[in-house]
file structure-v3.cif (mmCIF, C-alpha atoms)
data_start
#
loop_
_atom_site.label_atom_id
_atom_site.label_comp_id
_atom_site.auth_asym_id
_atom_site.auth_seq_id
_atom_site.Cartn_x
_atom_site.Cartn_y
_atom_site.Cartn_z
CA MET G 1423 1.29 -79.09 -49.59
CA ALA G 1424 0.01 -75.69 -50.64
CA GLU G 1425 -2.75 -75.82 -48.01
CA HIS G 1426 -0.21 -76.69 -45.33
CA LEU G 1427 2.05 -73.78 -46.27
CA ALA G 1428 -0.92 -71.42 -46.28
CA SER G 1429 -2.03 -72.62 -42.83
CA ILE G 1430 1.38 -71.98 -41.22
CA PHE G 1431 2.13 -68.69 -43.02
CA GLY G 1432 3.20 -66.03 -40.53
CA THR G 1433 3.31 -68.46 -37.58
CA GLU G 1434 6.22 -69.86 -35.59
CA LYS G 1435 6.06 -73.01 -37.72
CA ASP G 1436 6.78 -70.96 -40.83
CA ARG G 1437 10.55 -71.33 -41.41
CA VAL G 1438 10.57 -69.01 -44.40
CA ASN G 1439 8.62 -65.88 -43.41
CA CYS G 1440 9.27 -63.90 -40.22
CA PRO G 1441 6.23 -64.18 -37.90
CA PHE G 1442 7.12 -61.06 -35.92
CA TYR G 1443 7.38 -58.87 -38.99
CA PHE G 1444 4.09 -60.30 -40.22
CA LYS G 1445 2.34 -59.56 -36.87
CA ILE G 1446 3.88 -56.26 -35.75
CA GLY G 1447 5.62 -54.94 -38.86
CA ALA G 1448 8.98 -54.86 -37.08
CA CYS G 1449 11.65 -57.39 -36.14
CA ARG G 1450 14.46 -57.08 -33.58
CA HIS G 1451 16.88 -58.70 -36.04
CA GLY G 1452 16.13 -56.14 -38.75
CA ASP G 1453 17.78 -56.91 -42.09
CA ARG G 1454 19.88 -59.61 -40.41
CA CYS G 1455 16.81 -61.77 -39.79
CA SER G 1456 17.13 -65.30 -41.18
CA ARG G 1457 13.52 -65.22 -42.39
CA LEU G 1458 11.89 -63.11 -45.05
CA HIS G 1459 10.27 -59.75 -44.39
CA ASN G 1460 7.54 -59.45 -47.00
CA ARG G 1461 7.10 -55.70 -47.32
CA PRO G 1462 3.65 -54.82 -48.71
CA THR G 1463 3.35 -52.63 -51.78
CA ILE G 1464 -0.03 -51.33 -50.60
CA SER G 1465 -1.76 -51.38 -47.22
CA PRO G 1466 -4.27 -49.32 -45.22
CA THR G 1467 -1.68 -49.13 -42.40
CA LEU G 1468 1.41 -46.95 -42.22
CA LEU G 1469 4.34 -47.38 -39.83
CA LEU G 1470 6.16 -44.20 -38.74
CA SER G 1471 9.29 -45.69 -37.21
CA ASN G 1472 10.66 -44.28 -33.91
CA MET G 1473 8.64 -41.10 -34.35
CA TYR G 1474 7.45 -40.50 -30.78
CA GLN G 1475 10.25 -39.25 -28.54
CA ARG G 1476 9.13 -39.69 -24.94
CA PRO G 1477 10.61 -37.27 -22.38
CA ASP G 1478 12.05 -40.19 -20.37
CA MET G 1479 13.80 -41.91 -23.26
CA ILE G 1480 16.92 -42.90 -21.30
CA THR G 1481 15.38 -44.03 -18.01
CA PRO G 1482 11.60 -44.43 -17.52
CA GLY G 1483 10.26 -41.73 -15.21
CA VAL G 1484 13.48 -39.70 -15.26
CA ASP G 1485 14.50 -36.88 -17.62
CA ALA G 1486 17.89 -36.44 -19.32
CA GLN G 1487 19.21 -34.48 -16.32
CA GLY G 1488 18.33 -37.31 -13.92
CA GLN G 1489 15.35 -35.52 -12.39
CA PRO G 1490 12.08 -37.41 -11.82
CA ILE G 1491 9.20 -36.47 -14.11
CA ASP G 1492 5.60 -36.18 -12.99
CA PRO G 1493 3.59 -38.97 -14.71
CA ARG G 1494 0.91 -36.41 -15.52
CA LYS G 1495 3.47 -34.37 -17.45
CA ILE G 1496 4.49 -37.47 -19.40
CA GLN G 1497 0.87 -38.21 -20.28
CA GLU G 1498 0.24 -34.60 -21.25
CA HIS G 1499 3.33 -34.65 -23.48
CA PHE G 1500 2.10 -37.84 -25.16
CA GLU G 1501 -1.45 -36.59 -25.74
CA ASP G 1502 -0.15 -33.36 -27.28
CA PHE G 1503 1.89 -35.45 -29.70
CA TYR G 1504 -1.04 -37.80 -30.37
CA GLU G 1505 -3.45 -34.98 -31.16
CA ASP G 1506 -0.89 -33.25 -33.38
CA ILE G 1507 -0.25 -36.40 -35.42
CA PHE G 1508 -3.94 -37.28 -35.65
CA GLU G 1509 -4.95 -33.87 -36.96
CA GLU G 1510 -2.20 -33.89 -39.57
CA LEU G 1511 -2.84 -37.44 -40.84
CA SER G 1512 -6.62 -37.08 -40.83
CA LYS G 1513 -6.23 -34.62 -43.73
CA PHE G 1514 -5.67 -37.63 -46.00
CA GLY G 1515 -8.70 -39.68 -44.95
CA GLU G 1516 -10.65 -41.22 -42.10
CA ILE G 1517 -8.43 -42.81 -39.47
CA GLU G 1518 -9.59 -46.16 -38.11
CA SER G 1519 -6.92 -46.41 -35.42
CA LEU G 1520 -3.77 -44.64 -34.29
CA ASN G 1521 -1.45 -46.62 -32.02
CA VAL G 1522 1.79 -45.49 -30.41
CA CYS G 1523 4.17 -48.06 -28.93
CA ASP G 1524 5.40 -47.71 -25.36
CA ASN G 1525 8.14 -50.31 -25.89
CA LEU G 1526 11.82 -49.60 -25.24
CA ALA G 1527 13.48 -51.97 -27.72
CA ASP G 1528 15.25 -50.23 -30.61
CA HIS G 1529 13.03 -51.70 -33.32
CA MET G 1530 9.78 -50.64 -31.57
CA ILE G 1531 10.44 -47.58 -29.43
CA GLY G 1532 8.24 -44.67 -30.47
CA ASN G 1533 6.69 -46.54 -33.41
CA VAL G 1534 3.45 -44.99 -34.64
CA TYR G 1535 0.90 -47.10 -36.52
CA VAL G 1536 -1.91 -45.33 -38.34
CA GLN G 1537 -4.63 -47.33 -40.06
CA PHE G 1538 -6.85 -45.59 -42.59
CA ARG G 1539 -10.21 -46.78 -43.80
CA GLU G 1540 -9.02 -47.06 -47.41
CA GLU G 1541 -5.69 -48.08 -48.91
CA ASP G 1542 -5.56 -45.12 -51.28
CA GLN G 1543 -5.82 -42.79 -48.28
CA ALA G 1544 -2.77 -44.43 -46.73
CA ALA G 1545 -0.94 -44.16 -50.07
CA ALA G 1546 -1.69 -40.43 -50.25
CA ALA G 1547 -0.45 -39.93 -46.69
CA LEU G 1548 2.72 -41.88 -47.41
CA GLN G 1549 3.49 -39.78 -50.45
CA ALA G 1550 2.91 -36.54 -48.53
CA LEU G 1551 5.19 -37.62 -45.66
CA GLN G 1552 8.20 -38.26 -47.85
CA GLY G 1553 11.02 -35.85 -47.03
CA ARG G 1554 9.18 -34.25 -44.09
CA PHE G 1555 10.47 -33.67 -40.57
CA TYR G 1556 8.92 -33.68 -37.11
CA SER G 1557 10.66 -31.99 -34.15
CA GLY G 1558 13.80 -31.70 -36.23
CA ARG G 1559 13.92 -35.41 -37.08
CA PRO G 1560 13.10 -36.97 -40.48
CA ILE G 1561 9.88 -38.98 -40.70
CA ILE G 1562 10.53 -42.58 -41.74
CA ALA G 1563 7.24 -43.89 -43.12
CA ASP G 1564 6.37 -47.08 -44.96
CA PHE G 1565 3.48 -49.44 -45.54
CA SER G 1566 2.96 -51.94 -42.74
CA PRO G 1567 1.59 -55.49 -43.03
CA VAL G 1568 -0.29 -55.02 -39.74
CA THR G 1569 -4.03 -54.85 -40.20
CA ASP G 1570 -5.03 -56.83 -37.11
CA PHE G 1571 -3.72 -55.03 -34.05
CA ARG G 1572 -5.16 -57.63 -31.71
CA GLU G 1573 -2.53 -60.06 -33.00
CA ALA G 1574 0.19 -57.43 -32.58
CA THR G 1575 -0.49 -56.22 -29.03
CA CYS G 1576 0.65 -57.82 -25.79
CA ARG G 1577 -2.31 -59.27 -23.93
CA GLN G 1578 -0.41 -59.37 -20.65
CA TYR G 1579 0.32 -55.65 -20.94
CA GLU G 1580 -3.39 -54.92 -21.30
CA GLU G 1581 -3.92 -56.90 -18.09
CA ASN G 1582 -0.96 -55.19 -16.33
CA SER G 1583 0.83 -58.51 -15.99
CA CYS G 1584 3.62 -58.44 -18.63
CA ASN G 1585 6.90 -59.44 -16.99
CA ARG G 1586 9.04 -58.50 -20.01
CA GLY G 1587 8.58 -54.79 -19.44
CA GLY G 1588 9.41 -52.36 -22.23
CA TYR G 1589 11.50 -54.95 -24.05
CA CYS G 1590 8.55 -57.18 -24.91
CA ASN G 1591 8.43 -58.18 -28.58
CA PHE G 1592 4.71 -57.37 -28.83
CA MET G 1593 3.18 -53.90 -28.84
CA HIS G 1594 2.63 -52.06 -25.59
CA VAL G 1595 0.14 -49.49 -26.87
CA LYS G 1596 -0.03 -46.19 -24.99
CA VAL G 1597 -3.56 -45.16 -24.01
CA ILE G 1598 -5.04 -41.70 -24.46
CA GLY G 1599 -7.55 -40.11 -22.12
CA ARG G 1600 -11.29 -40.41 -22.54
CA GLU G 1601 -11.84 -36.76 -23.35
CA LEU G 1602 -9.22 -36.75 -26.10
CA ARG G 1603 -10.62 -39.99 -27.53
CA ARG G 1604 -14.08 -38.44 -27.75
CA LYS G 1605 -12.68 -35.30 -29.30
CA LEU G 1606 -10.75 -37.12 -32.02
CA PHE G 1607 -12.85 -40.20 -32.74
CA GLY G 1608 -16.30 -38.88 -31.84
CA ARG G 1609 -18.61 -39.46 -28.91
CA HIS G 1610 -20.72 -42.22 -30.50
CA ARG G 1611 -18.05 -43.93 -32.57
CA TRP G 1612 -16.31 -46.94 -31.10
CA TYR G 1613 -12.56 -46.44 -30.96
CA ARG G 1614 -10.98 -49.57 -32.37
CA GLY G 1615 -7.46 -48.94 -31.13
CA SER G 1616 -5.68 -52.25 -30.70
CA ARG G 1617 -8.88 -54.31 -30.51
CA SER G 1618 -9.95 -56.85 -33.07
CA ARG G 1619 -12.31 -59.78 -33.46
CA SER G 1620 -9.64 -62.43 -33.96
CA ARG G 1621 -8.45 -62.76 -30.36
CA SER G 1622 -10.53 -63.26 -27.26
CA ALA G 1623 -10.92 -60.27 -25.00
CA SER G 1624 -9.11 -60.01 -21.70
CA PRO G 1625 -11.03 -60.76 -18.47
CA ARG G 1626 -11.32 -57.03 -17.76
CA HIS G 1627 -12.82 -56.40 -21.20
CA ARG G 1628 -15.18 -59.36 -20.80
CA ARG G 1629 -16.40 -58.03 -17.46
CA GLU G 1630 -16.98 -54.59 -18.95
CA ARG G 1631 -18.86 -56.07 -21.92
CA GLU G 1632 -21.03 -58.26 -19.66
CA TYR G 1633 -21.82 -55.26 -17.46
CA ARG G 1634 -22.84 -53.19 -20.51
CA GLU G 1635 -25.05 -56.03 -21.79
CA LYS G 1636 -26.74 -56.45 -18.41
CA SER G 1637 -27.29 -52.69 -18.18
CA ARG G 1638 -28.90 -52.66 -21.63
CA ASP G 1639 -31.15 -55.57 -20.63
CA ARG G 1640 -32.24 -53.78 -17.45
CA ASP G 1641 -32.95 -50.58 -19.35
CA ARG G 1642 -34.95 -52.46 -21.96
CA ASP G 1643 -36.97 -54.29 -19.30
CA ASP G 1644 -37.67 -51.02 -17.51
CA HIS G 1645 -39.25 -49.54 -20.63
CA ARG G 1646 -41.01 -52.49 -22.27
CA ASP G 1647 -42.26 -55.93 -21.35
CA ARG G 1648 -42.27 -58.96 -23.66
CA ASN G 1649 -45.40 -57.81 -25.46
CA GLY G 1650 -44.03 -54.34 -26.09
CA ARG G 1651 -46.29 -52.71 -23.45
CA ARG G 1652 -45.34 -50.54 -20.54
CA PRO G 1653 -44.89 -52.47 -17.28
CA ASP G 1654 -47.44 -51.93 -14.52
CA ARG G 1655 -45.13 -49.69 -12.55
CA ASP G 1656 -44.67 -47.45 -15.58
CA ARG G 1657 -48.44 -47.40 -16.12
CA ASP G 1658 -48.97 -46.48 -12.47
CA ARG G 1659 -46.42 -43.71 -12.74
CA TYR G 1660 -48.02 -42.49 -15.96
CA ASP G 1661 -51.47 -42.54 -14.29
CA ARG G 1662 -50.16 -40.59 -11.31
CA GLU G 1663 -48.61 -38.00 -13.59
CA SER G 1664 -51.81 -37.81 -15.62
CA GLY G 1665 -53.87 -37.49 -12.44
CA SER G 1666 -51.72 -34.66 -11.20
CA ARG G 1667 -52.22 -32.85 -14.49
CA ARG G 1668 -55.98 -33.38 -14.36
CA LYS G 1669 -56.19 -31.55 -11.02
CA HIS G 1670 -55.72 -28.35 -12.95
CA GLY G 1671 -57.85 -29.38 -15.93
CA SER G 1672 -60.94 -31.43 -16.61
CA PRO G 1673 -61.98 -33.97 -13.94
CA ARG G 1674 -61.09 -37.56 -14.55
CA ARG G 1675 -63.99 -39.76 -15.60
CA SER G 1676 -64.87 -42.56 -13.22
CA ARG G 1677 -65.75 -45.88 -14.79
CA SER G 1678 -68.60 -47.92 -13.26
CA PRO G 1679 -67.62 -51.46 -12.29
CA PRO G 1680 -68.91 -54.24 -14.59
CA PRO G 1681 -72.21 -55.92 -13.50
CA ALA G 1682 -71.91 -59.04 -11.40
CA ARG G 1683 -72.54 -62.32 -13.19
CA GLU G 1684 -75.90 -64.01 -12.32
CA GLY G 1685 -76.07 -67.52 -10.87
CA SER G 1686 -78.13 -70.42 -12.30
CA GLU G 1687 -80.96 -70.02 -9.75
CA GLU G 1688 -81.30 -66.32 -10.52
CA ARG G 1689 -81.45 -67.05 -14.25
CA ARG G 1690 -84.22 -69.71 -13.77
CA ALA G 1691 -86.26 -67.33 -11.60
CA ARG G 1692 -85.91 -64.58 -14.23
CA ILE G 1693 -87.06 -66.99 -17.00
CA GLU G 1694 -90.12 -68.10 -14.99
CA GLN G 1695 -91.04 -64.48 -14.41
CA TRP G 1696 -90.82 -63.78 -18.17
CA ASN G 1697 -93.10 -66.79 -18.89
CA ARG G 1698 -95.73 -65.65 -16.40
CA GLU G 1699 -95.75 -62.14 -17.84
CA ARG G 1700 -96.18 -63.51 -21.37
CA GLU G 1701 -99.09 -65.77 -20.31
CA GLU G 1702 -100.84 -62.88 -18.59
CA LYS G 1703 -100.59 -60.79 -21.75
CA VAL G 1704 -102.15 -63.61 -23.80
#
call {"tool": "encode", "arguments": {"input": "structure-v3.cif", "output": "structure tokens"}}
result
Amino acid sequence: MAEHLASIFGTEKDRVNCPFYFKIGACRHGDRCSRLHNRPTISPTLLLSNMYQRPDMITPGVDAQGQPIDPRKIQEHFEDFYEDIFEELSKFGEIESLNVCDNLADHMIGNVYVQFREEDQAAAALQALQGRFYSGRPIIADFSPVTDFREATCRQYEENSCNRGGYCNFMHVKVIGRELRRKLFGRHRWYRGSRSRSRSASPRHRREREYREKSRDRDRDDHRDRNGRRPDRDRDRYDRESGSRRKHGSPRRSRSPPPAREGSEERRARIEQWNREREEKV
């Protein structure tokens, strides 16, 4: 019985615990939910509820005055917010991922999830955020049960095929630009974002991974063969480069070809000649 309850914990079959709160740390029913919301007492992840205020809050793509907004301005506004939040929260420890929801439902709109490397770093950040404000609004922060963002994000949204739009019950994570990602997370560090090992990658991600693997294989084959030596074309190129350098330096030594191997008749004639010479000496 205990094994069965453990296997269905946090799933749709679990009639006691809320699966949505377990996966995304938020539930559209809120405190009126018929299932339990097990709030963690410690976690590496913090939820900053409804913190990001997008410029087109009322109608997507339109400002409060009813005027259309340039999508580039919306993205610029978001990245300014993202960088501001990242720099402030990184004072408390190394950030593994920082995700901002693009959903429109009340329980998810503007939610910010920050995952630190260590739990004590998240605890320090939570304590420092108590009673603080951002853009004139109080920051509502709490520990979140979400540690696996792959289970929390909408796969169809990543593939641009979600038909629920902004009211989907799974995270629609806003994406930052490449330059900002390199600036914040480092050039050689893989940005985890909403990815995880527990769910299979989307077809687009699989194609990108296969392309990277094939590129690495081609690069490795271009530099080394199976025995760890340079391929012939690399040796030829190296010889040509060396030859061009030798034009201005010492001449290149020419190697004489190896002697041709004698046939059986030639060897018998040579032996007979040696015997005659030895008999003459005697």
call {"tool": "closest_atom_pairs", "arguments": {"input": "structure-v3.cif", "of": "range 1477-1564 of chain G", "to": "range 1576-1596 of chain G", "cutoff": "8 Å", "atoms": "all atoms listed in the file", "output": "Markdown table"}}
result
| residue | atom | partner | partner_atom | distance |
| --- | --- | --- | --- | --- |
| G:Asn1521 | CA | G:Val1595 | CA | 6.1 |
| G:Val1522 | CA | G:Val1595 | CA | 5.6 |
| G:Cys1523 | CA | G:Val1595 | CA | 4.7 |
| G:Asp1524 | CA | G:His1594 | CA | 5.2 |
| G:Asn1525 | CA | G:Gly1588 | CA | 4.4 |
| G:Leu1526 | CA | G:Gly1588 | CA | 4.7 |
| G:Ala1527 | CA | G:Tyr1589 | CA | 5.1 |
| G:Met1530 | CA | G:Met1593 | CA | 7.9 |
call {"tool": "closest_residue", "arguments": {"input": "structure-v3.cif", "among": "G:Asp1564, G:Asp1485, G:Glu1541, G:Glu1688", "to": "Gly1447 in chain G", "atoms": "all atoms listed in the file"}}
result
G:Asp1564
call {"tool": "residues_around", "arguments": {"input": "structure-v3.cif", "residues": "Asp1542 in chain G", "least_positions_apart": "3", "cutoff": "10 Å", "atoms": "only C-alpha atoms", "output": "mmCIF file with C-alpha atoms, in the coordinates of the input"}}
result
data_model
loop_
_atom_site.group_PDB
_atom_site.id
_atom_site.type_symbol
_atom_site.label_atom_id
_atom_site.label_comp_id
_atom_site.auth_asym_id
_atom_site.auth_seq_id
_atom_site.Cartn_x
_atom_site.Cartn_y
_atom_site.Cartn_z
ATOM 1 C CA ILE G 1464 -0.030 -51.330 -50.600
ATOM 2 C CA SER G 1465 -1.760 -51.380 -47.220
ATOM 3 C CA PRO G 1466 -4.270 -49.320 -45.220
ATOM 4 C CA PHE G 1514 -5.670 -37.630 -46.000
ATOM 5 C CA GLY G 1515 -8.700 -39.680 -44.950
ATOM 6 C CA PHE G 1538 -6.850 -45.590 -42.590
ATOM 7 C CA ARG G 1539 -10.210 -46.780 -43.800
ATOM 8 C CA ALA G 1545 -0.940 -44.160 -50.070
ATOM 9 C CA ALA G 1546 -1.690 -40.430 -50.250
ATOM 10 C CA ALA G 1547 -0.450 -39.930 -46.690
ATOM 11 C CA LEU G 1548 2.720 -41.880 -47.410
#
call {"tool": "closest_residue", "arguments": {"input": "structure-v3.cif", "among": "G:Ser1519, G:Ser1471, G:His1459, G:Gln1543", "to": "Val1438 in chain G", "atoms": "only C-alpha atoms"}}
result
G:His1459
call {"tool": "residues_around", "arguments": {"input": "structure-v3.cif", "residues": "Phe1508 in chain G", "least_positions_apart": "6", "cutoff": "9 Å", "atoms": "only C-alpha atoms", "output": "number ranges by chain"}}
result
G: 1517, 1520, 1536, 1606
call {"tool": "resolve_selection", "arguments": {"input": "structure-v3.cif", "expression": "the PyMOL selection byres ((chain G and resi 1456) around 10)", "output": "list of chain:residue names"}}
result
G:Arg1437, G:Val1438, G:Asn1439, G:Cys1440, G:His1451, G:Gly1452, G:Asp1453, G:Arg1454, G:Cys1455, G:Arg1457, G:Leu1458, G:His1459
call {"tool": "closest_residue", "arguments": {"input": "structure-v3.cif", "among": "G:Thr1575, G:Asn1697, G:Gln1497, G:Ser1566", "to": "Thr1467 in chain G", "atoms": "only C-alpha atoms"}}
result
G:Ser1566
call {"tool": "closest_residue", "arguments": {"input": "structure-v3.cif", "among": "G:Arg1476, G:Arg1692, G:His1499, G:Arg1572", "to": "Gly1532 in chain G", "atoms": "only C-alpha atoms"}}
result
G:Arg1476
call {"tool": "closest_residue", "arguments": {"input": "structure-v3.cif", "among": "G:Asp1506, G:Glu1573, G:Asp1528, G:Glu1501", "to": "Ile1480 in chain G", "atoms": "only C-alpha atoms"}}
result
G:Asp1528
call {"tool": "atom_distance", "arguments": {"input": "structure-v3.cif", "atom1": "CA of Glu1509 in chain G", "atom2": "CA of Leu1602 in chain G"}}
result
12.0 Å
call {"tool": "closest_residue", "arguments": {"input": "structure-v3.cif", "among": "G:Pro1560, G:Glu1505, G:Phe1500, G:Pro1567", "to": "Thr1463 in chain G", "atoms": "only C-alpha atoms"}}
result
G:Pro1567
